[in-house]
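Below is one structure, written out as C-alpha cells; the observations come after it.
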Amino acid sequence: MSPLPSPDHNAIMSQFAALVDDGFLLLDRQFNIVMANIMATRYLGENLIGMAIDDVLVSPQLDHDLDVITEHRQSTEMVASSAKDDRRRFRVRLRAIDEHLIGVLVMDMTLQHNLEKVRRDFVANVSHELRSPLTSLIGFIETMQSPMPIDDATRARFLSIMDEEARRMSRLINDLLSLSRVETEEHISPTQTIAVDKLVRSAMMALSNRAQKVNRTIFFRDKTGRGKNNDDDIMILGVHDEMMEVFHNLLDNAIKYGFNNTDITVEMTAPDAHHIAFTVINQGEGIEEKHLPRLTERFYRADKSRSRQMGGTGLGLAIVKHIVNRHRGTIEITSEIGGQTRFTITLPLA
C-alpha cells in the first residue's frame, strides 16, 4: 500500500482562513504578517502581508503576549484597536501553531463597545438628571422638618420649588417611558392611515394658547401647490398619538427657544410625488452648526443651563427621531445664529 501524501500545511491554513467569518492572520516568528484573509483586510486595511503586527493592532499587552507565546506557546487573548482607526475595537486571540507560525484571530467588537458606551452614558445621564431635583427636594424637606420656625411666605416658596422639582422628575420619567416604547417598536412599520395635515393643524391649535402668552402666533403655510379649494386629506401610514407627539415636541421647542413677539410658521411642502414634508420655523438665538448633528441624541443639549431653565428633559428630540424612523421618514435641522431655526420632517405618503 502506497504511503499517504504529506499534507500541504499552507494550503490547509489558507482554506481554514477562508472559512473563518472573523479576521485571521498568520505571523512568522519575527511577528510579521505572512497571510491575511478577506475579513482581516476589511478590518485592518489592504496590503497587510509583510507588515509587523504592532503596526496593525494597538494594545498595551501585545508585546508581552507575543513574548509569552514565543517562550511558552500558550494561547492569549486581549482587546486591541486598529492602528488606522482607533474607534474600531477587536477581541484578539493569539496561538502558536508550530515553531514557525502564530495564528491571530481578530473579532470585531466595535458595535458591542459602542453599545456599552451608550449604556454607560445613558445610566450616568439619568442618574445626574434625577439626582439634582432629588437633592433639592430632600434639602427642602429637611428644612421644613427642622424645629426652626418657618414663616408662611418662606413655606409657600419652598413648596413651590418642591412642586417644580417633582414635576421635573415626572416629565423625565414620562419621557424615559416614551423613549423606551418607541425604541422597542421602531422596527414595526405602522399600518393605519392618518390625515397628517389635520393632525399638524390640531397640534398647532393645542399649543396656540401657550404661544400667545409670549405674544407669538403659529401660522400654517401650504406650499404644496394644491390650491385653496383642495380639501382632500393628506394620508400617511402612521400612529396618530406618536405623530402628535412629534409635532407637539417641535412646536413646544419653537415656543420655548424662539424670541418673544416673533411668529412661528409650519410649512407644508411636497418634495416629490411620494412624500410630504413639514417644516417648523422659528426666530431665535439659533444653534451652532457643531451641535446640529447631535441634537437628536439622548440628553444632548446645545445650551444645558437654558434647557433646564425651560423645563426640558433632553429627550424630546430623541423621541422625535425614533418616531420618525418608525414612520420611515427623515428629520433635518438647520439653524442660523440670531435667525431662523428649521426642523423639517419628511414622511412617505400612504
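Convention: chains lettered A, B, ... in C-alpha cells order; per-chain residue numbering from 1; ligands numbered from 1 as shown.
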
Contact residues around A:Gly238 with only C-alpha atoms at 12 Å, ignoring same-chain residues under 4 positions, as a PDB file with C-alpha atoms, in the first residue's frame:
```pdb
ATOM      1  CA  GLU A 186     -39.184  51.306  15.973  1.00  0.00           C
ATOM      2  CA  ILE A 188     -42.591  47.835  13.344  1.00  0.00           C
ATOM      3  CA  SER A 189     -43.998  49.889  10.480  1.00  0.00           C
ATOM      4  CA  PRO A 190     -47.425  51.460  11.129  1.00  0.00           C
ATOM      5  CA  THR A 191     -50.349  50.019   9.173  1.00  0.00           C
ATOM      6  CA  GLN A 192     -53.129  52.533   9.880  1.00  0.00           C
ATOM      7  CA  THR A 193     -53.673  55.658   7.787  1.00  0.00           C
ATOM      8  CA  ILE A 194     -53.956  59.118   9.321  1.00  0.00           C
ATOM      9  CA  ALA A 195     -54.638  62.573   7.855  1.00  0.00           C
ATOM     10  CA  VAL A 196     -51.309  64.169   8.695  1.00  0.00           C
ATOM     11  CA  LEU A 199     -53.028  66.266  12.746  1.00  0.00           C
ATOM     12  CA  ILE A 234     -53.031  64.067   3.007  1.00  0.00           C
ATOM     13  CA  GLU A 242     -46.951  59.230  18.094  1.00  0.00           C
ATOM     14  CA  MET A 243     -47.088  61.741  15.240  1.00  0.00           C
ATOM     15  CA  MET A 244     -48.959  64.150  17.512  1.00  0.00           C
ATOM     16  CA  VAL A 246     -43.586  64.652  17.205  1.00  0.00           C
ATOM     17  CA  ILE A 323     -40.872  58.034  15.978  1.00  0.00           C
ATOM     18  CA  VAL A 324     -39.904  59.491  12.593  1.00  0.00           C
ATOM     19  CA  ASN A 325     -37.651  56.481  11.955  1.00  0.00           C
ATOM     20  CA  ARG A 326     -40.550  54.154  12.735  1.00  0.00           C
ATOM     21  CA  HIS A 327     -42.660  56.029  10.177  1.00  0.00           C
ATOM     22  CA  ARG A 328     -39.817  55.598   7.643  1.00  0.00           C
ATOM     23  CA  GLY A 329     -39.286  59.332   7.474  1.00  0.00           C
ATOM     24  CA  LEU A 347     -42.749  61.357   5.547  1.00  0.00           C
ATOM     25  CA  PRO A 348     -43.791  58.869   2.836  1.00  0.00           C
ATOM     26  CA  LEU A 349     -47.397  59.152   1.635  1.00  0.00           C
ATOM     27  CA  ALA A 350     -49.740  56.233   2.150  1.00  0.00           C
TER      28      ALA A 350
END
```

Pick out the residues sitting within 10 Å of A:Ser208, and hand them over as a PDB file with C-alpha atoms, in the first residue's frame; count only C-alpha atoms, and ignore anything fewer than 6 positions along from it in its own chain.
```
ATOM      1  CA  SER A 202     -54.591  70.052  15.627  1.00  0.00           C
ATOM      2  CA  ARG A 216     -46.413  84.666  19.418  1.00  0.00           C
ATOM      3  CA  THR A 217     -48.699  83.244  16.735  1.00  0.00           C
ATOM      4  CA  ILE A 218     -48.399  79.914  14.924  1.00  0.00           C
ATOM      5  CA  PHE A 219     -49.165  80.109  11.187  1.00  0.00           C
ATOM      6  CA  LEU A 251     -43.798  73.303  18.306  1.00  0.00           C
ATOM      7  CA  ILE A 255     -42.128  78.398  21.542  1.00  0.00           C
TER       8      ILE A 255
END
```

Top pick for closest residue to A:Thr313, considering A:Arg167, A:His291, A:His240, A:Arg201 and counting only C-alpha atoms: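 Answer, going by the shortest atom-to-atom distance: A:Arg167.
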
Backbone DSSP call of helix (DSSP H, G or I) for stretch 139-249 of chain A, listed as a PyMOL selection string: chain A and resi 139-145+152-184+196-212+240-249

Every residue of stretch 121-316 of chain A that DSSP places in strand (DSSP E or B), as a PyMOL selection string: chain A and resi 193-195+218-222+235-237+258+264-272+275-284

Could you turn the residues from that selection into a file that holds C-alpha atoms, as a PDB file, in the first residue's frame?
```
ATOM      1  CA  THR A 193     -53.673  55.658   7.787  1.00  0.00           C
ATOM      2  CA  ILE A 194     -53.956  59.118   9.321  1.00  0.00           C
ATOM      3  CA  ALA A 195     -54.638  62.573   7.855  1.00  0.00           C
ATOM      4  CA  ILE A 218     -48.399  79.914  14.924  1.00  0.00           C
ATOM      5  CA  PHE A 219     -49.165  80.109  11.187  1.00  0.00           C
ATOM      6  CA  PHE A 220     -49.736  77.292   8.709  1.00  0.00           C
ATOM      7  CA  ARG A 221     -48.454  77.731   5.166  1.00  0.00           C
ATOM      8  CA  ASP A 222     -49.386  75.223   2.448  1.00  0.00           C
ATOM      9  CA  MET A 235     -52.756  60.474   4.204  1.00  0.00           C
ATOM     10  CA  ILE A 236     -49.731  58.678   5.625  1.00  0.00           C
ATOM     11  CA  LEU A 237     -49.278  55.319   7.317  1.00  0.00           C
ATOM     12  CA  GLY A 258     -37.694  81.486  19.928  1.00  0.00           C
ATOM     13  CA  ILE A 264     -43.818  80.512  14.301  1.00  0.00           C
ATOM     14  CA  THR A 265     -44.522  79.030  10.880  1.00  0.00           C
ATOM     15  CA  VAL A 266     -45.325  75.467   9.865  1.00  0.00           C
ATOM     16  CA  GLU A 267     -44.688  74.985   6.140  1.00  0.00           C
ATOM     17  CA  MET A 268     -46.146  72.008   4.270  1.00  0.00           C
ATOM     18  CA  THR A 269     -44.308  71.084   1.071  1.00  0.00           C
ATOM     19  CA  ALA A 270     -44.248  68.163  -1.367  1.00  0.00           C
ATOM     20  CA  PRO A 271     -40.606  67.226  -2.115  1.00  0.00           C
ATOM     21  CA  ASP A 272     -41.813  64.676  -4.712  1.00  0.00           C
ATOM     22  CA  HIS A 275     -43.535  62.325   0.175  1.00  0.00           C
ATOM     23  CA  ILE A 276     -44.910  65.155   2.284  1.00  0.00           C
ATOM     24  CA  ALA A 277     -42.735  67.446   4.416  1.00  0.00           C
ATOM     25  CA  PHE A 278     -43.489  69.756   7.339  1.00  0.00           C
ATOM     26  CA  THR A 279     -41.019  72.422   8.468  1.00  0.00           C
ATOM     27  CA  VAL A 280     -41.371  74.136  11.844  1.00  0.00           C
ATOM     28  CA  ILE A 281     -39.674  77.551  11.632  1.00  0.00           C
ATOM     29  CA  ASN A 282     -38.938  79.958  14.453  1.00  0.00           C
ATOM     30  CA  GLN A 283     -36.787  83.046  15.022  1.00  0.00           C
ATOM     31  CA  GLY A 284     -34.378  82.847  17.957  1.00  0.00           C
TER      32      GLY A 284
END
```
